[in-house]
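run_21.cif follows (mmCIF, C-alpha atoms):
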```cif
data_run
#
loop_
_atom_site.label_atom_id
_atom_site.label_comp_id
_atom_site.auth_asym_id
_atom_site.auth_seq_id
_atom_site.Cartn_x
_atom_site.Cartn_y
_atom_site.Cartn_z
CA MET A 7 1.34 0.94 -3.59
CA LYS A 8 5.10 0.49 -3.19
CA THR A 9 5.65 1.12 -6.90
CA LYS A 10 3.63 4.35 -6.72
CA GLN A 11 5.59 5.49 -3.62
CA LEU A 12 8.92 4.68 -5.29
CA ALA A 13 7.94 6.54 -8.47
CA LEU A 14 6.81 9.58 -6.48
CA SER A 15 10.01 9.55 -4.42
CA ALA A 16 12.13 9.32 -7.57
CA LEU A 17 10.22 12.21 -9.10
CA LEU A 18 10.75 14.32 -5.98
CA VAL A 19 14.48 13.51 -5.87
CA SER A 20 14.73 14.52 -9.53
CA LEU A 21 12.87 17.74 -8.86
CA ALA A 22 15.12 18.56 -5.90
CA LEU A 23 18.24 17.92 -7.99
CA ALA A 24 16.89 20.10 -10.81
CA LEU A 25 16.05 22.93 -8.39
CA SER A 26 19.49 22.66 -6.81
CA TYR A 27 21.15 22.82 -10.22
CA ALA A 28 18.96 25.71 -11.44
CA GLU A 29 19.81 27.63 -8.30
CA ARG A 30 23.42 27.90 -9.48
CA PHE A 31 22.26 30.33 -12.16
CA ILE A 32 20.64 32.78 -9.74
CA PRO A 33 23.21 35.55 -9.12
CA LEU A 34 22.42 35.81 -5.42
CA GLN A 35 25.93 37.06 -4.60
CA LEU A 36 25.00 40.35 -6.27
CA LEU A 37 22.42 40.93 -3.52
CA VAL A 38 24.05 39.07 -0.65
CA PRO A 39 27.85 39.20 -0.93
CA LEU A 40 28.47 36.15 1.24
CA PRO A 41 30.24 33.11 -0.20
CA GLY A 42 28.13 29.98 -0.25
CA VAL A 43 24.76 31.63 0.38
CA LYS A 44 21.97 29.98 -1.60
CA LEU A 45 18.20 30.15 -1.56
CA GLY A 46 17.87 26.45 -0.81
CA LEU A 47 15.22 25.73 -3.42
CA ALA A 48 15.67 21.98 -3.03
CA ASN A 49 14.36 22.49 0.49
CA ILE A 50 10.93 23.08 -1.03
CA VAL A 51 10.87 19.41 -2.00
CA THR A 52 12.00 18.32 1.46
CA MET A 53 9.23 20.40 3.02
CA ALA A 54 6.64 19.02 0.61
CA ALA A 55 7.72 15.49 1.51
CA LEU A 56 7.53 16.33 5.22
CA TYR A 57 4.04 17.82 4.91
CA PHE A 58 2.48 15.42 2.40
CA LEU A 59 4.38 12.15 2.84
CA THR A 60 5.83 10.32 5.82
CA PRO A 61 8.93 11.51 7.69
CA GLN A 62 10.69 8.31 6.62
CA THR A 63 10.02 9.01 2.95
CA ALA A 64 11.10 12.64 3.33
CA PHE A 65 14.31 11.48 5.00
CA GLN A 66 15.03 9.01 2.20
CA ILE A 67 14.41 11.66 -0.47
CA LEU A 68 16.81 14.03 1.28
CA VAL A 69 19.60 11.46 1.63
CA VAL A 70 19.26 10.21 -1.96
CA ARG A 71 19.27 13.81 -3.26
CA CYS A 72 22.48 14.57 -1.35
CA LEU A 73 24.16 11.36 -2.52
CA LEU A 74 23.17 11.86 -6.16
CA GLY A 75 24.21 15.51 -6.01
CA CYS A 76 27.67 14.34 -4.94
CA LEU A 77 27.73 11.68 -7.64
CA PHE A 78 26.82 14.25 -10.32
CA GLY A 79 29.81 16.40 -9.61
CA SER A 80 29.67 18.16 -6.27
CA GLY A 81 32.39 16.07 -4.64
CA VAL A 82 32.84 14.44 -1.26
CA THR A 83 33.38 17.71 0.61
CA ALA A 84 30.13 19.09 -0.79
CA LEU A 85 28.43 15.82 0.23
CA ALA A 86 29.58 16.28 3.82
CA MET A 87 28.34 19.86 3.85
CA SER A 88 25.05 19.10 2.08
CA LEU A 89 24.22 16.01 4.09
CA THR A 90 25.10 17.57 7.45
CA GLY A 91 23.15 20.72 6.68
CA GLY A 92 20.26 18.79 5.19
CA LEU A 93 19.96 16.42 8.13
CA CYS A 94 20.07 19.26 10.66
CA ALA A 95 17.38 21.11 8.68
CA PHE A 96 15.29 17.95 8.34
CA PHE A 97 15.19 17.19 12.06
CA VAL A 98 14.52 20.81 13.04
CA MET A 99 11.72 21.14 10.47
CA LEU A 100 10.26 17.78 11.50
CA GLN A 101 9.96 18.94 15.11
CA CYS A 102 8.85 22.51 14.32
CA LYS A 103 6.06 21.46 11.97
CA LYS A 104 4.46 19.57 14.87
CA LEU A 105 4.16 22.79 16.87
CA PRO A 106 1.13 24.92 16.01
CA VAL A 107 3.04 28.11 16.78
CA PHE A 108 5.10 27.72 13.58
CA SER A 109 3.65 28.44 10.17
CA ILE A 110 5.24 27.06 7.04
CA PHE A 111 7.33 30.24 6.97
CA GLY A 112 8.67 29.63 10.47
CA VAL A 113 9.43 26.00 9.69
CA SER A 114 11.27 27.03 6.52
CA ILE A 115 13.29 29.80 8.20
CA LEU A 116 14.29 27.56 11.09
CA GLY A 117 15.19 24.82 8.61
CA ALA A 118 17.40 27.26 6.68
CA ALA A 119 19.10 28.33 9.92
CA ALA A 120 19.63 24.70 10.96
CA HIS A 121 21.03 23.91 7.51
CA ASN A 122 23.55 26.74 7.84
CA PHE A 123 24.47 25.60 11.35
CA GLY A 124 25.03 22.03 10.12
CA GLN A 125 27.20 23.23 7.26
CA VAL A 126 29.36 25.33 9.58
CA CYS A 127 29.76 22.31 11.88
CA ALA A 128 30.82 20.17 8.92
CA ALA A 129 33.24 22.85 7.71
CA SER A 130 34.71 23.11 11.20
CA LEU A 131 35.34 19.36 11.29
CA LEU A 132 36.71 19.23 7.74
CA LEU A 133 39.04 22.19 8.30
CA TYR A 134 39.99 21.21 11.86
CA SER A 135 39.16 24.74 12.94
CA GLY A 136 36.55 26.39 15.10
CA HIS A 137 37.12 29.67 13.29
CA THR A 138 34.39 28.76 10.82
CA PHE A 139 31.83 29.53 13.53
CA GLY A 140 32.68 33.21 13.08
CA TYR A 141 30.82 33.01 9.77
CA LEU A 142 27.69 31.57 11.41
CA PRO A 143 26.01 34.87 12.45
CA PHE A 144 26.12 36.08 8.84
CA LEU A 145 24.69 32.81 7.58
CA LEU A 146 21.95 32.88 10.20
CA LEU A 147 20.97 36.36 9.09
CA ALA A 148 20.90 35.19 5.47
CA ALA A 149 18.68 32.26 6.54
CA ILE A 150 15.83 34.63 7.32
CA PRO A 151 15.16 35.93 3.78
CA SER A 152 16.15 32.66 2.09
CA GLY A 153 13.93 30.64 4.43
CA TRP A 154 11.10 33.12 3.92
CA ILE A 155 11.37 32.84 0.13
CA THR A 156 11.36 29.03 0.16
CA GLY A 157 8.52 29.15 2.69
CA ALA A 158 6.51 31.43 0.40
CA ILE A 159 7.10 29.17 -2.60
CA SER A 160 6.20 26.14 -0.47
CA SER A 161 3.01 27.82 0.73
CA VAL A 162 1.84 28.52 -2.82
CA THR A 163 2.85 25.02 -3.91
CA PHE A 164 1.05 23.37 -1.00
CA ARG A 165 -2.17 25.30 -1.69
CA ALA A 166 -2.01 24.15 -5.32
CA LEU A 167 -1.39 20.55 -4.26
CA MET A 168 -4.32 20.62 -1.86
CA ALA A 169 -6.58 22.19 -4.49
CA ALA A 170 -5.57 19.34 -6.80
CA GLY A 171 -6.68 16.79 -4.24
CA ALA A 172 -3.50 16.02 -2.32
CA HIS A 173 -3.96 15.60 1.40
CA ARG A 174 -1.69 16.00 4.37
CA PRO A 175 -1.15 13.04 6.64
CA SER A 176 -2.38 13.61 10.19
CA ALA A 177 1.02 13.34 11.90
#
```
Turn this file's structure into structure tokens for me.
Amino acid sequence: MKTKQLALSALLVSLALALSYAERFIPLQLLVPLPGVKLGLANIVTMAALYFLTPQTAFQILVVRCLLGCLFGSGVTALAMSLTGGLCAFFVMLQCKKLPVFSIFGVSILGAAAHNFGQVCAASLLLYSGHTFGYLPFLLLAAIPSGWITGAISSVTFRALMAAGAHRPSA
């Protein structure tokens, strides 16, 4: 069972890295002229791991994806931003998915907002400036459509996984 879990985790990390890389080719700045705004497609993998695997496995997939993304060329600054944003999003999504009031769309949007908040915190620490928080309202607004899009993709993906026989753990 450990070999199967390791292989699945490696596959999900690879998928998240591929989605993150592919996202670079989507000209989102033509629609949303804010530097650094992304759809967060790799978040689809994190959500799938949260909904279909254990929180521990989802956490490991997230951390390994961030570390490998840095190793493949993003740099240490990008690692700090990615890891801080990713961990904030992870813990918010983990808590929100337990509450029946939040659909997958709500979990995704709140995760996107938490990711943006974490990145602004990291930028503030790296730049030794609180001025970066002035950018936060714009990023939080951008989190709504980007979180909705990743939530919609996740919803379709989850339905397909369940139709194929995957099951959600109870917790």
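Among A:Tyr27, A:Phe111, A:Phe65, A:Phe97, the residue with the shortest atom-to-atom distance to A:Ser152, counting all atoms listed in the file, is A:Phe111.
For the choices A:Ala13, A:Met53, A:Val43, A:Ala24, the atom-to-atom distance to A:Ile159 is smallest for A:Met53 when using only C-alpha atoms.
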Can you translate the PyMOL selection byres ((chain A and resi 64) around 10) into the concrete residues it hits in this file, as an NGL selection string? :A and (15 or 18-19 or 51-63 or 65-69 or 96 or 100)
Go through A:Gln35, A:Ser20, A:Thr90, A:Asn49 one by one, measure the shortest atom-to-atom distance of each to A:Gly117 using all atoms listed in the file, and give the residue with the smallest value. A:Asn49
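Between A:Ser109 and the candidates A:Leu132, A:Ala158, A:Ala84, A:Leu146, the tightest atom-to-atom separation, counting all atoms listed in the file, involves A:Ala158.
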Within 7 Å of A:Val126 using all atoms listed in the file, minus same-chain residues under 6 positions, as a VMD selection string: chain A and resid 138 to 139 142
Interatomic distance (Å, one decimal) between atom CA of A:Leu73 and atom CA of A:Pro33: 25.1 Å
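The residue that comes closest to A:Ile115, out of A:Met99, A:Val70, A:Val38, A:Leu131 and on the basis of only C-alpha atoms, is A:Met99.
For the atom pair formed by atom CA of A:Ala16 and atom CA of A:Ile50, the distance is 15.3 Å, given to one decimal.
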Reference answer for the PyMOL selection byres ((chain A and resi 47) around 8), as a list in words: Ala22, Leu25, Ser26, Glu29, Leu45, Gly46, Ala48, Asn49, Ile50, Val51 and Thr156 of chain A
Pick from A:Ala28, A:Ala169, A:Leu116, A:Leu133 nearest to A:Ile150, counting only C-alpha atoms: A:Leu116
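Rounded to one decimal, atom CA of A:Gln11 and atom CA of A:Gly157 lie 24.7 Å from each other.
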Give me, as a PyMOL selection string, all polymer residues having an atom no more than 8 Å from A:Cys72, counting all atoms listed in the file and skipping those fewer than 6 positions away in the same chain. chain A and resi 85+88-89
